[in-house]
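Enquirer: Data file structure.tsv (TSV, C-alpha atoms) is appended below.
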chain	number	residue	atom	x	y	z
A	16	MET	CA	74.44	112.27	186.29
A	17	LYS	CA	76.58	109.15	186.27
A	18	ALA	CA	79.64	111.00	184.90
A	19	LYS	CA	79.68	113.45	187.80
A	20	GLU	CA	79.50	110.62	190.33
A	21	VAL	CA	82.35	108.70	188.69
A	22	LEU	CA	84.58	111.79	188.75
A	23	LYS	CA	83.58	112.67	192.31
A	24	GLU	CA	84.43	109.21	193.59
A	25	HIS	CA	87.76	109.26	191.72
A	26	VAL	CA	88.76	112.63	193.20
A	27	ALA	CA	87.60	111.71	196.70
A	28	LYS	CA	90.04	108.80	196.73
A	29	ASN	CA	92.83	111.28	197.14
A	30	VAL	CA	91.67	114.75	198.17
A	31	ALA	CA	88.80	116.19	200.18
A	32	LEU	CA	86.84	118.82	198.26
A	33	THR	CA	83.72	120.45	199.70
A	34	ASP	CA	80.53	119.94	197.64
A	35	GLU	CA	80.81	123.53	196.51
A	36	GLU	CA	84.45	123.09	195.42
A	37	PHE	CA	83.61	119.90	193.57
A	38	GLU	CA	80.71	121.59	191.71
A	39	TYR	CA	83.06	124.37	190.65
A	40	PHE	CA	85.75	121.85	189.62
A	41	PHE	CA	83.19	119.82	187.66
A	42	SER	CA	81.90	122.93	185.85
A	43	HIS	CA	85.20	123.03	183.90
A	44	PHE	CA	84.59	119.64	182.24
A	45	GLU	CA	82.53	118.82	179.16
A	46	LEU	CA	80.78	115.50	178.57
A	47	GLN	CA	81.47	113.86	175.21
A	48	ASN	CA	80.41	110.65	173.50
A	49	PHE	CA	82.39	108.80	170.85
A	50	LYS	CA	81.53	105.74	168.78
A	51	LYS	CA	83.67	102.60	168.59
A	52	GLY	CA	86.55	103.27	166.18
A	53	GLN	CA	86.37	107.06	166.38
A	54	VAL	CA	89.66	108.90	166.58
A	55	ILE	CA	90.00	111.43	169.43
A	56	ILE	CA	93.63	112.47	168.87
A	57	SER	CA	95.49	111.75	165.66
A	58	GLU	CA	99.27	111.81	165.31
A	59	GLY	CA	100.45	115.23	164.13
A	60	SER	CA	97.45	117.17	165.44
A	61	ILE	CA	97.29	119.88	168.10
A	62	VAL	CA	96.21	118.60	171.53
A	63	ASP	CA	94.15	120.85	173.81
A	64	TYR	CA	92.36	118.37	176.04
A	65	GLU	CA	92.80	115.47	178.38
A	66	TYR	CA	90.05	112.87	178.75
A	67	PHE	CA	88.67	111.17	181.85
A	68	VAL	CA	86.95	107.92	180.88
A	69	ILE	CA	83.42	107.38	182.24
A	70	SER	CA	82.53	104.24	180.27
A	71	GLY	CA	84.10	102.17	177.53
A	72	CYS	CA	87.75	101.73	176.61
A	73	LEU	CA	90.30	103.85	174.72
A	74	LYS	CA	93.72	102.99	173.39
A	75	SER	CA	96.69	105.26	172.80
A	76	PHE	CA	99.01	103.92	170.14
A	77	PHE	CA	101.96	104.58	167.93
A	78	ILE	CA	102.98	103.24	164.52
A	79	ASN	CA	106.74	102.73	164.28
A	80	ASP	CA	109.08	103.11	161.28
A	81	GLU	CA	108.34	99.53	160.18
A	82	LEU	CA	104.58	100.26	160.29
A	83	LYS	CA	104.16	98.08	163.36
A	84	MET	CA	101.54	99.26	165.84
A	85	PHE	CA	102.44	99.53	169.52
A	86	ILE	CA	99.86	100.25	172.19
A	87	LEU	CA	101.02	102.53	174.99
A	88	GLN	CA	97.95	102.39	177.13
A	89	PHE	CA	94.44	101.07	177.40
A	90	ALA	CA	92.24	103.60	179.22
A	91	MET	CA	89.34	102.10	181.14
A	92	PRO	CA	86.77	103.93	183.33
A	93	SER	CA	88.44	106.32	185.83
A	94	TRP	CA	91.63	106.51	183.77
A	95	TRP	CA	92.91	109.64	182.08
A	96	ALA	CA	94.19	109.69	178.53
A	97	SER	CA	95.81	112.21	176.20
A	98	ASP	CA	99.12	112.87	174.52
A	99	PHE	CA	100.50	114.61	177.60
A	100	ASP	CA	103.74	115.65	175.94
A	101	ALA	CA	101.81	117.49	173.24
A	102	LEU	CA	99.26	118.78	175.76
A	103	TYR	CA	101.76	120.22	178.26
A	104	ASN	CA	104.38	121.39	175.78
A	105	HIS	CA	102.13	122.62	172.96
A	106	THR	CA	103.76	120.34	170.42
A	107	LYS	CA	102.04	118.15	167.84
A	108	ALA	CA	100.76	114.73	168.89
A	109	SER	CA	103.27	111.90	168.51
A	110	ILE	CA	100.66	109.27	169.37
A	111	SER	CA	97.03	108.66	168.47
A	112	LEU	CA	94.06	108.01	170.74
A	113	ASP	CA	90.96	106.15	169.57
A	114	CYS	CA	87.97	104.17	170.84
A	115	ILE	CA	87.99	100.38	171.24
A	116	THR	CA	84.30	100.51	172.24
A	117	ASP	CA	81.66	103.24	172.38
A	118	VAL	CA	83.02	105.66	174.94
A	119	GLU	CA	81.79	108.38	177.26
A	120	VAL	CA	84.40	110.83	178.54
A	121	LEU	CA	84.72	114.08	180.45
A	122	ARG	CA	87.17	116.34	178.72
A	123	LEU	CA	89.17	119.10	180.38
A	124	SER	CA	91.17	121.75	178.53
A	125	ASN	CA	94.76	122.60	179.33
A	126	ALA	CA	93.77	126.18	180.20
A	127	ASN	CA	90.97	125.09	182.54
A	128	ARG	CA	93.20	122.61	184.35
A	129	GLU	CA	95.78	125.27	185.05
A	130	LYS	CA	93.07	127.72	186.12
A	131	ILE	CA	91.46	125.41	188.70
A	132	CYS	CA	94.87	124.27	189.95
A	133	ARG	CA	95.74	127.90	190.67
A	134	GLU	CA	92.38	128.61	192.29
A	135	ILE	CA	92.06	125.58	194.60
A	136	HIS	CA	95.11	124.10	196.35
A	137	SER	CA	93.37	120.72	196.81
A	138	VAL	CA	92.76	120.49	193.07
A	139	GLU	CA	96.46	121.05	192.45
A	140	SER	CA	97.11	118.31	194.97
A	141	PHE	CA	94.72	116.01	193.11
A	142	PHE	CA	96.47	116.57	189.78
A	143	ARG	CA	99.88	116.01	191.35
A	144	TRP	CA	98.63	112.69	192.68
A	145	ARG	CA	97.05	111.85	189.32
A	146	THR	CA	100.29	112.51	187.45
A	147	ASN	CA	102.34	110.63	190.05
A	148	ARG	CA	100.12	107.63	189.42
A	149	GLY	CA	100.46	108.00	185.66
A	150	TYR	CA	104.22	108.37	185.96
A	151	VAL	CA	104.50	105.21	188.02
A	152	ALA	CA	102.27	103.29	185.59
A	153	SER	CA	104.44	104.50	182.73
A	154	GLN	CA	107.65	103.39	184.48
A	155	LYS	CA	106.11	99.97	185.17
A	156	ARG	CA	105.05	99.71	181.54
A	157	LEU	CA	108.63	100.44	180.51
A	158	LEU	CA	110.00	97.81	182.88
A	159	SER	CA	107.43	95.36	181.60
A	160	PHE	CA	108.43	96.13	178.02
A	161	MET	CA	112.11	95.64	178.81
A	162	ASN	CA	111.42	92.28	180.36
A	163	ASN	CA	111.11	89.79	177.54
A	164	ASN	CA	108.96	87.25	179.29
A	165	VAL	CA	105.70	87.58	177.32
A	166	LYS	CA	103.88	84.89	179.29
A	167	PHE	CA	104.54	86.69	182.57
A	168	ARG	CA	103.52	90.06	181.14
A	169	TYR	CA	100.30	88.68	179.64
A	170	GLU	CA	99.28	87.15	182.95
A	171	GLU	CA	100.25	90.28	184.84
A	172	LEU	CA	98.14	92.44	182.51
A	173	LEU	CA	95.07	90.26	182.89
A	174	SER	CA	95.44	89.93	186.64
A	175	LEU	CA	95.67	93.73	186.96
A	176	TYR	CA	92.82	94.37	184.51
A	177	PRO	CA	90.72	91.20	184.17
A	178	GLU	CA	87.99	93.18	182.38
A	179	LEU	CA	90.35	93.73	179.42
A	180	TYR	CA	90.05	90.07	178.47
A	181	ASN	CA	86.42	90.51	177.43
A	182	ILE	CA	86.63	94.02	176.00
A	183	VAL	CA	89.87	94.14	174.04
A	184	PRO	CA	90.49	92.01	170.90
A	185	LYS	CA	93.48	89.65	171.17
A	186	ASN	CA	95.38	91.36	168.35
A	187	LEU	CA	95.38	94.58	170.42
A	188	ILE	CA	96.57	92.76	173.52
A	189	ALA	CA	99.42	91.36	171.39
A	190	ALA	CA	100.23	94.91	170.20
A	191	TYR	CA	100.32	96.04	173.84
A	192	LEU	CA	102.73	93.24	174.72
A	193	GLY	CA	104.88	94.02	171.68
A	194	VAL	CA	104.47	90.57	170.11
A	195	SER	CA	102.59	89.23	167.10
A	196	ARG	CA	99.08	87.81	167.35
A	197	GLU	CA	100.60	84.42	166.34
A	198	THR	CA	103.08	84.42	169.23
A	199	LEU	CA	100.29	85.12	171.68
A	200	SER	CA	98.16	82.33	170.13
A	201	ARG	CA	100.98	79.81	170.38
A	202	LEU	CA	101.33	80.59	174.09
A	203	TYR	CA	97.63	80.51	174.88
A	204	HIS	CA	95.71	78.75	172.09
A	205	THR	CA	93.44	81.82	172.15
B	15	MET	CA	126.38	126.97	198.60
B	16	LYS	CA	126.31	125.71	195.04
B	17	ALA	CA	123.64	123.10	195.80
B	18	LYS	CA	121.20	125.70	197.05
B	19	GLU	CA	121.70	127.82	193.94
B	20	VAL	CA	121.17	124.86	191.58
B	21	LEU	CA	117.89	123.96	193.31
B	22	LYS	CA	116.76	127.58	193.45
B	23	GLU	CA	117.31	128.08	189.74
B	24	HIS	CA	115.53	124.80	188.95
B	25	VAL	CA	112.48	125.74	191.03
B	26	ALA	CA	112.37	129.30	189.68
B	27	LYS	CA	111.97	127.93	186.15
B	28	ASN	CA	108.43	127.04	187.02
B	29	VAL	CA	107.14	128.68	190.18
B	30	ALA	CA	107.77	131.93	192.04
B	31	LEU	CA	108.74	131.41	195.68
B	32	THR	CA	109.69	134.30	197.95
B	33	ASP	CA	113.21	134.08	199.42
B	34	GLU	CA	111.67	133.16	202.73
B	35	GLU	CA	109.57	130.39	201.17
B	36	PHE	CA	112.59	129.04	199.31
B	37	GLU	CA	114.71	128.98	202.49
B	38	TYR	CA	111.97	127.04	204.23
B	39	PHE	CA	111.61	124.67	201.27
B	40	PHE	CA	115.39	124.16	201.14
B	41	SER	CA	115.56	123.40	204.88
B	42	HIS	CA	113.79	120.08	204.18
B	43	PHE	CA	116.64	118.77	202.00
B	44	GLU	CA	119.89	117.09	203.02
B	45	LEU	CA	123.13	117.29	201.06
B	46	GLN	CA	124.81	113.96	200.33
B	47	ASN	CA	127.95	112.86	198.50
B	48	PHE	CA	128.46	109.50	196.86
B	49	LYS	CA	131.49	107.96	195.18
B	50	LYS	CA	131.50	106.55	191.65
B	51	GLY	CA	130.00	103.05	191.73
B	52	GLN	CA	128.14	103.53	195.03
B	53	VAL	CA	124.63	102.14	195.20
B	54	ILE	CA	121.92	104.55	196.42
B	55	ILE	CA	118.87	102.30	195.98
B	56	SER	CA	119.14	98.56	195.54
B	57	GLU	CA	116.38	96.37	194.14
B	58	GLY	CA	114.25	94.93	196.93
B	59	SER	CA	115.02	97.66	199.47
B	60	ILE	CA	112.69	100.19	201.10
B	61	VAL	CA	112.74	103.62	199.44
B	62	ASP	CA	112.23	106.74	201.58
B	63	TYR	CA	113.93	109.45	199.52
B	64	GLU	CA	114.09	111.09	196.14
B	65	TYR	CA	117.33	112.66	194.92
B	66	PHE	CA	117.96	115.93	193.12
B	67	VAL	CA	121.29	115.80	191.30
B	68	ILE	CA	123.69	118.72	191.88
B	69	SER	CA	126.74	117.30	190.12
B	70	GLY	CA	127.72	114.03	188.48
B	71	CYS	CA	125.53	111.37	186.88
B	72	LEU	CA	123.32	108.58	188.21
B	73	LYS	CA	121.70	105.67	186.45
B	74	SER	CA	118.55	103.78	187.34
B	75	PHE	CA	118.55	100.25	186.01
B	76	PHE	CA	116.90	96.89	186.03
B	77	ILE	CA	118.20	93.37	185.44
B	78	ASN	CA	115.69	91.25	183.51
B	79	ASP	CA	114.94	87.52	183.76
B	80	GLU	CA	117.76	86.73	181.31
B	81	LEU	CA	120.20	88.75	183.46
B	82	LYS	CA	120.36	91.48	180.84
B	83	MET	CA	120.73	95.03	182.21
B	84	PHE	CA	118.40	97.76	181.01
B	85	ILE	CA	118.89	101.41	181.90
B	86	LEU	CA	115.72	103.35	182.56
B	87	GLN	CA	117.24	106.74	183.09
B	88	PHE	CA	120.45	108.67	183.31
B	89	ALA	CA	120.12	111.47	185.87
B	90	MET	CA	122.29	114.50	185.22
B	91	PRO	CA	122.42	117.79	187.21
B	92	SER	CA	118.94	119.23	187.86
B	93	TRP	CA	117.26	115.86	187.31
B	94	TRP	CA	115.42	113.93	189.98
B	95	ALA	CA	115.87	110.22	190.54
B	96	SER	CA	114.34	107.53	192.72
B	97	ASP	CA	112.18	104.44	192.41
B	98	PHE	CA	109.00	106.50	192.45
B	99	ASP	CA	106.69	103.49	192.49
B	100	ALA	CA	108.34	102.22	195.67
B	101	LEU	CA	108.59	105.74	197.10
B	102	TYR	CA	104.95	106.73	196.58
B	103	ASN	CA	103.39	103.33	197.23
B	104	HIS	CA	105.63	102.10	200.05
B	105	THR	CA	106.57	98.96	198.15
B	106	LYS	CA	110.05	97.48	197.73
B	107	ALA	CA	112.30	98.86	194.99
B	108	SER	CA	111.98	97.11	191.63
B	109	ILE	CA	114.93	99.03	190.18
B	110	SER	CA	118.36	100.05	191.41
B	111	LEU	CA	120.02	103.46	191.41
B	112	ASP	CA	123.79	103.94	191.43
B	113	CYS	CA	126.53	106.42	190.57
B	114	ILE	CA	128.25	106.56	187.18
B	115	THR	CA	130.58	109.29	188.50
B	116	ASP	CA	131.16	110.88	191.91
B	117	VAL	CA	127.85	112.52	192.71
B	118	GLU	CA	126.47	115.29	194.88
B	119	VAL	CA	122.73	115.21	195.55
B	120	LEU	CA	120.07	116.86	197.66
B	121	ARG	CA	117.79	114.25	199.11
B	122	LEU	CA	114.20	114.82	200.20
B	123	SER	CA	112.12	112.37	202.19
B	124	ASN	CA	108.61	111.30	201.22
B	125	ALA	CA	107.22	112.73	204.46
B	126	ASN	CA	108.94	116.11	203.99
B	127	ARG	CA	107.75	116.41	200.38
B	128	GLU	CA	104.15	115.84	201.42
B	129	LYS	CA	104.53	118.26	204.33
B	130	ILE	CA	105.86	121.17	202.26
B	131	CYS	CA	103.32	120.48	199.50
B	132	ARG	CA	100.53	120.86	202.06
B	133	GLU	CA	102.06	123.97	203.59
B	134	ILE	CA	102.88	125.97	200.43
B	135	HIS	CA	100.59	125.88	197.39
B	136	SER	CA	103.41	126.96	195.04
B	137	VAL	CA	105.55	124.04	196.21
B	138	GLU	CA	102.71	121.65	195.34
B	139	SER	CA	102.55	123.36	191.96
B	140	PHE	CA	106.29	122.86	191.51
B	141	PHE	CA	106.06	119.13	192.24
B	142	ARG	CA	103.11	118.74	189.90
B	143	TRP	CA	105.17	120.34	187.14
B	144	ARG	CA	108.18	118.21	188.06
B	145	THR	CA	106.18	114.99	187.85
B	146	ASN	CA	104.47	116.09	184.62
B	147	ARG	CA	107.92	116.51	183.12
B	148	GLY	CA	109.02	113.11	184.41
B	149	TYR	CA	105.85	111.51	183.08
B	150	VAL	CA	106.37	112.98	179.63
B	151	ALA	CA	110.04	111.90	179.61
B	152	SER	CA	108.95	108.40	180.59
B	153	GLN	CA	106.36	108.25	177.79
B	154	LYS	CA	108.96	109.45	175.29
B	155	ARG	CA	111.37	106.83	176.55
B	156	LEU	CA	108.70	104.16	176.01
B	157	LEU	CA	108.01	105.40	172.47
B	158	SER	CA	111.72	105.46	171.79
B	159	PHE	CA	112.06	101.90	173.08
B	160	MET	CA	109.18	100.71	170.92
B	161	ASN	CA	110.74	102.22	167.85
B	162	ASN	CA	113.40	99.80	166.66
B	163	ASN	CA	115.58	102.30	164.87
B	164	VAL	CA	118.69	102.24	167.07
B	165	LYS	CA	120.59	104.73	164.91
B	166	PHE	CA	117.83	107.31	165.25
B	167	ARG	CA	117.51	106.76	169.00
B	168	TYR	CA	121.26	107.02	169.56
B	169	GLU	CA	121.44	110.31	167.70
B	170	GLU	CA	118.34	111.61	169.46
B	171	LEU	CA	119.83	110.77	172.86
B	172	LEU	CA	123.10	112.54	172.14
B	173	SER	CA	121.43	115.57	170.61
B	174	LEU	CA	119.22	115.90	173.71
B	175	TYR	CA	122.07	115.27	176.15
B	176	PRO	CA	125.42	115.88	174.37
B	177	GLU	CA	127.25	115.80	177.71
B	178	LEU	CA	126.39	112.09	178.07
B	179	TYR	CA	128.85	111.23	175.31
B	180	ASN	CA	131.83	112.16	177.49
B	181	ILE	CA	130.50	111.01	180.85
B	182	VAL	CA	128.79	107.70	180.19
B	183	PRO	CA	130.66	104.57	179.02
B	184	LYS	CA	129.45	103.18	175.68
B	185	ASN	CA	128.31	99.88	177.20
B	186	LEU	CA	125.87	101.83	179.37
B	187	ILE	CA	124.59	103.81	176.40
B	188	ALA	CA	124.00	100.47	174.64
B	189	ALA	CA	122.09	99.21	177.72
B	190	TYR	CA	119.97	102.36	177.60
B	191	LEU	CA	119.17	101.78	173.93
B	192	GLY	CA	118.40	98.10	174.60
B	193	VAL	CA	121.09	96.79	172.25
B	194	SER	CA	124.42	95.06	172.75
B	195	ARG	CA	127.71	96.97	172.89
B	196	GLU	CA	128.66	95.16	169.65
B	197	THR	CA	125.59	96.41	167.78
B	198	LEU	CA	126.37	99.97	168.82
B	199	SER	CA	130.02	99.57	167.73
B	200	ARG	CA	129.00	98.23	164.31
B	201	LEU	CA	126.84	101.30	163.77
B	202	TYR	CA	129.37	103.84	164.97
B	203	HIS	CA	132.85	102.29	165.09
B	204	THR	CA	132.98	103.70	168.64
Will you turn the file into structure tokens for me?

Expert:
Amino acid sequence: MKAKEVLKEHVAKNVALTDEEFEYFFSHFELQNFKKGQVIISEGSIVDYEYFVISGCLKSFFINDELKMFILQFAMPSWWASDFDALYNHTKASISLDCITDVEVLRLSNANREKICREIHSVESFFRWRTNRGYVASQKRLLSFMNNNVKFRYEELLSLYPELYNIVPKNLIAAYLGVSRETLSRLYHT
Amino acid sequence: MKAKEVLKEHVAKNVALTDEEFEYFFSHFELQNFKKGQVIISEGSIVDYEYFVISGCLKSFFINDELKMFILQFAMPSWWASDFDALYNHTKASISLDCITDVEVLRLSNANREKICREIHSVESFFRWRTNRGYVASQKRLLSFMNNNVKFRYEELLSLYPELYNIVPKNLIAAYLGVSRETLSRLYHT
């Protein structure tokens, strides 16, 4: 039951649930496996779930009007991924989510999240903390994107997430930084 | 007591508090007035408060390595503003927050927010919803920034927030869109 342990440890970092509360919380999740390259959310689709990564790596991305791909987020173990705008507001997905490697996730439906937040105050507290963290990461990502210094941003990314260097192809790292693969190569002879 | 009414209406959009609960919630806020141009948070400072706008307009911004200003957010009435990374993680501010017009705000300290979230489940629920909304707005902002079509983004901004057109100088709108004032003028003869 590796998945349960990963989620339990993640939750315990912020809130104290009794074993009984955690079991109940966990009973609302479903374990899913995806293969490398599989699409979990595609742009334009309805989004009913958010995904907690147990193993592997996801990317959420967006293709702009000039058909250039931008990566919003890499999601590694213990990160959550979805199109949260579509999920919370019942609109169609404006981004896609797919698998960089084989992936194991725990998925949670919108309805179940709201249900357990209502039922257990500490669970609501956990999700507030989770979203606060996501919000801050998103603001930092925006600041990073506004700052043109690619070299700094590349080094910052790899110092925050050194494991990305081995898992994620360089063309995807370039798409995350908003530069071409060639620009990244010139800087790093990668 | 306009401020109290604005906050009450904002909270009631998402959660149901009794009058007594709302009075208690409200007692944790402080009313503050700032003049146009005043700085509320400056980069590098300690951040202890978040600000709920009652009247006027704030901007949060960032000066990049090439001394170019980027605007992360305009905060109009019923919006919240702060450097949330610094606020939640007790780090120094990486952005600044100042007043585009004279401004009236309700400020809430980090400690008081956590206290009332612990004490009243519905208040925790409110703040989860609030941050979810902020997170989604931040993700949309990132998508908008990644998409190079300035004309589309300008029209989107003004259709979402038509009141900005009269309140915010065009050079600040350009800084929000990540283009020069000249580029914006060429597109719109503004």

Enquirer: Give me the residues of chain B that have any atom at most 6 Å from an atom of chain A; for each, the nearest atom pair and the distance in Å, rounded to one decimal. Use only C-alpha atoms, sort by chain and number, and format it as CSV.

Expert:
residue,atom,partner,partner_atom,distance
B:Asn78,CA,A:Asn162,CA,5.4
B:Asp99,CA,A:Val151,CA,5.3
B:His135,CA,A:His136,CA,5.9
B:Arg142,CA,A:Arg143,CA,4.5
B:Tyr149,CA,A:Tyr150,CA,4.6
B:Val150,CA,A:Asp100,CA,5.3
B:Leu156,CA,A:Leu157,CA,5.8
B:Asn161,CA,A:Asn79,CA,5.4

Enquirer: Can you work out which one of A:Phe44, A:Ala96, A:Cys72, A:Gln88 has the shortest atom-to-atom distance to Asn181 in chain A, counting only C-alpha atoms?

Expert: A:Cys72

Enquirer: In Å to one decimal, how far is CA of Tyr169 in chain A from CA of Asp117 in chain A?

Expert: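 Answer for the CA of Asp117 in chain A to CA of Tyr169 in chain A separation: 24.7 Å.
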
Enquirer: Extending 8 Å beyond the listed atoms of range 163-175 of chain A on each side, what axis-aligned box results? I want centre and edge lengths in Å to one decimal, as AutoDock Vina command-line options.

Expert:
--center_x 103.1 --center_y 89.3 --center_z 182.1 --size_x 32.0 --size_y 24.8 --size_z 25.6

Enquirer: In Å, rounded to a single decimal, give me how far CA of Val119 in chain B is from CA of Ala189 in chain B.

Expert: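 About the pair CA of Ala189 in chain B and CA of Val119 in chain B: they are 24.0 Å apart.
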
Enquirer: Figure out the distance between CA of Pro92 in chain A and CA of Ala18 in chain A, please, to one decimal in Å.

Expert: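 A separation of 10.2 Å between them.
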
Enquirer: So that I can check the surroundings of Ser93 in chain A, please list as a tab-separated table (two decimals) with C-alpha atoms, in the coordinates of the input every protein, DNA and RNA residue that reaches within 8 Å of it, counting only C-alpha atoms and ignoring chain neighbours fewer than 6 positions away.

Expert:
chain	number	residue	atom	x	y	z
A	21	VAL	CA	82.35	108.70	188.69
A	22	LEU	CA	84.58	111.79	188.75
A	25	HIS	CA	87.76	109.26	191.72
A	67	PHE	CA	88.67	111.17	181.85
A	68	VAL	CA	86.95	107.92	180.88
A	69	ILE	CA	83.42	107.38	182.24

Enquirer: Please complete range 37-44 of chain A so it has all heavy atoms, and hand it over as a PDB file, in the frame of the given file.

Expert:
ATOM      1  N   PHE A  37      83.741 120.916 194.616  1.00  0.00           N
ATOM      2  CA  PHE A  37      83.610 119.900 193.570  1.00  0.00           C
ATOM      3  C   PHE A  37      82.724 120.388 192.424  1.00  0.00           C
ATOM      4  O   PHE A  37      83.032 120.164 191.248  1.00  0.00           O
ATOM      5  CB  PHE A  37      83.092 118.564 194.108  1.00  0.00           C
ATOM      6  CG  PHE A  37      82.979 117.561 192.996  1.00  0.00           C
ATOM      7  CD1 PHE A  37      84.104 116.918 192.501  1.00  0.00           C
ATOM      8  CD2 PHE A  37      81.746 117.323 192.382  1.00  0.00           C
ATOM      9  CE1 PHE A  37      84.026 116.043 191.419  1.00  0.00           C
ATOM     10  CE2 PHE A  37      81.659 116.451 191.299  1.00  0.00           C
ATOM     11  CZ  PHE A  37      82.801 115.813 190.817  1.00  0.00           C
ATOM     12  N   GLU A  38      81.604 121.055 192.759  1.00  0.00           N
ATOM     13  CA  GLU A  38      80.710 121.590 191.710  1.00  0.00           C
ATOM     14  C   GLU A  38      81.465 122.557 190.798  1.00  0.00           C
ATOM     15  O   GLU A  38      81.323 122.529 189.578  1.00  0.00           O
ATOM     16  CB  GLU A  38      79.499 122.312 192.336  1.00  0.00           C
ATOM     17  CG  GLU A  38      78.478 121.390 192.990  1.00  0.00           C
ATOM     18  CD  GLU A  38      77.811 120.422 192.016  1.00  0.00           C
ATOM     19  OE1 GLU A  38      77.608 120.784 190.835  1.00  0.00           O
ATOM     20  OE2 GLU A  38      77.517 119.285 192.446  1.00  0.00           O
ATOM     21  N   TYR A  39      82.273 123.399 191.420  1.00  0.00           N
ATOM     22  CA  TYR A  39      83.060 124.370 190.650  1.00  0.00           C
ATOM     23  C   TYR A  39      84.078 123.644 189.762  1.00  0.00           C
ATOM     24  O   TYR A  39      84.209 123.938 188.560  1.00  0.00           O
ATOM     25  CB  TYR A  39      83.742 125.344 191.611  1.00  0.00           C
ATOM     26  CG  TYR A  39      84.538 126.404 190.910  1.00  0.00           C
ATOM     27  CD1 TYR A  39      83.914 127.404 190.170  1.00  0.00           C
ATOM     28  CD2 TYR A  39      85.929 126.398 190.963  1.00  0.00           C
ATOM     29  CE1 TYR A  39      84.644 128.369 189.493  1.00  0.00           C
ATOM     30  CE2 TYR A  39      86.677 127.362 190.298  1.00  0.00           C
ATOM     31  CZ  TYR A  39      86.030 128.340 189.561  1.00  0.00           C
ATOM     32  OH  TYR A  39      86.757 129.282 188.894  1.00  0.00           O
ATOM     33  N   PHE A  40      84.778 122.692 190.350  1.00  0.00           N
ATOM     34  CA  PHE A  40      85.750 121.850 189.620  1.00  0.00           C
ATOM     35  C   PHE A  40      85.062 121.202 188.422  1.00  0.00           C
ATOM     36  O   PHE A  40      85.520 121.308 187.274  1.00  0.00           O
ATOM     37  CB  PHE A  40      86.275 120.808 190.610  1.00  0.00           C
ATOM     38  CG  PHE A  40      87.195 119.761 190.040  1.00  0.00           C
ATOM     39  CD1 PHE A  40      88.457 120.098 189.549  1.00  0.00           C
ATOM     40  CD2 PHE A  40      86.827 118.419 190.036  1.00  0.00           C
ATOM     41  CE1 PHE A  40      89.321 119.120 189.048  1.00  0.00           C
ATOM     42  CE2 PHE A  40      87.689 117.443 189.549  1.00  0.00           C
ATOM     43  CZ  PHE A  40      88.929 117.795 189.046  1.00  0.00           C
ATOM     44  N   PHE A  41      83.912 120.569 188.688  1.00  0.00           N
ATOM     45  CA  PHE A  41      83.190 119.820 187.660  1.00  0.00           C
ATOM     46  C   PHE A  41      82.709 120.733 186.530  1.00  0.00           C
ATOM     47  O   PHE A  41      82.631 120.306 185.369  1.00  0.00           O
ATOM     48  CB  PHE A  41      81.999 119.081 188.291  1.00  0.00           C
ATOM     49  CG  PHE A  41      81.246 118.229 187.322  1.00  0.00           C
ATOM     50  CD1 PHE A  41      81.810 117.057 186.823  1.00  0.00           C
ATOM     51  CD2 PHE A  41      79.976 118.592 186.890  1.00  0.00           C
ATOM     52  CE1 PHE A  41      81.121 116.265 185.913  1.00  0.00           C
ATOM     53  CE2 PHE A  41      79.274 117.809 185.984  1.00  0.00           C
ATOM     54  CZ  PHE A  41      79.853 116.642 185.500  1.00  0.00           C
ATOM     55  N   SER A  42      82.422 121.999 186.857  1.00  0.00           N
ATOM     56  CA  SER A  42      81.900 122.930 185.850  1.00  0.00           C
ATOM     57  C   SER A  42      82.919 123.211 184.731  1.00  0.00           C
ATOM     58  O   SER A  42      82.569 123.782 183.699  1.00  0.00           O
ATOM     59  CB  SER A  42      81.462 124.242 186.509  1.00  0.00           C
ATOM     60  OG  SER A  42      82.597 124.987 186.918  1.00  0.00           O
ATOM     61  N   HIS A  43      84.175 122.802 184.925  1.00  0.00           N
ATOM     62  CA  HIS A  43      85.200 123.030 183.900  1.00  0.00           C
ATOM     63  C   HIS A  43      85.315 121.876 182.903  1.00  0.00           C
ATOM     64  O   HIS A  43      86.116 121.935 181.964  1.00  0.00           O
ATOM     65  CB  HIS A  43      86.564 123.269 184.571  1.00  0.00           C
ATOM     66  CG  HIS A  43      86.621 124.556 185.340  1.00  0.00           C
ATOM     67  ND1 HIS A  43      86.082 124.671 186.607  1.00  0.00           N
ATOM     68  CD2 HIS A  43      87.093 125.788 185.010  1.00  0.00           C
ATOM     69  CE1 HIS A  43      86.259 125.914 187.036  1.00  0.00           C
ATOM     70  NE2 HIS A  43      86.854 126.607 186.088  1.00  0.00           N
ATOM     71  N   PHE A  44      84.541 120.814 183.141  1.00  0.00           N
ATOM     72  CA  PHE A  44      84.590 119.640 182.240  1.00  0.00           C
ATOM     73  C   PHE A  44      83.434 119.687 181.240  1.00  0.00           C
ATOM     74  O   PHE A  44      82.402 120.290 181.503  1.00  0.00           O
ATOM     75  CB  PHE A  44      84.465 118.357 183.060  1.00  0.00           C
ATOM     76  CG  PHE A  44      85.689 118.006 183.863  1.00  0.00           C
ATOM     77  CD1 PHE A  44      85.940 118.617 185.090  1.00  0.00           C
ATOM     78  CD2 PHE A  44      86.597 117.061 183.392  1.00  0.00           C
ATOM     79  CE1 PHE A  44      87.064 118.289 185.845  1.00  0.00           C
ATOM     80  CE2 PHE A  44      87.719 116.726 184.139  1.00  0.00           C
ATOM     81  CZ  PHE A  44      87.952 117.341 185.373  1.00  0.00           C
TER      82      PHE A  44
END
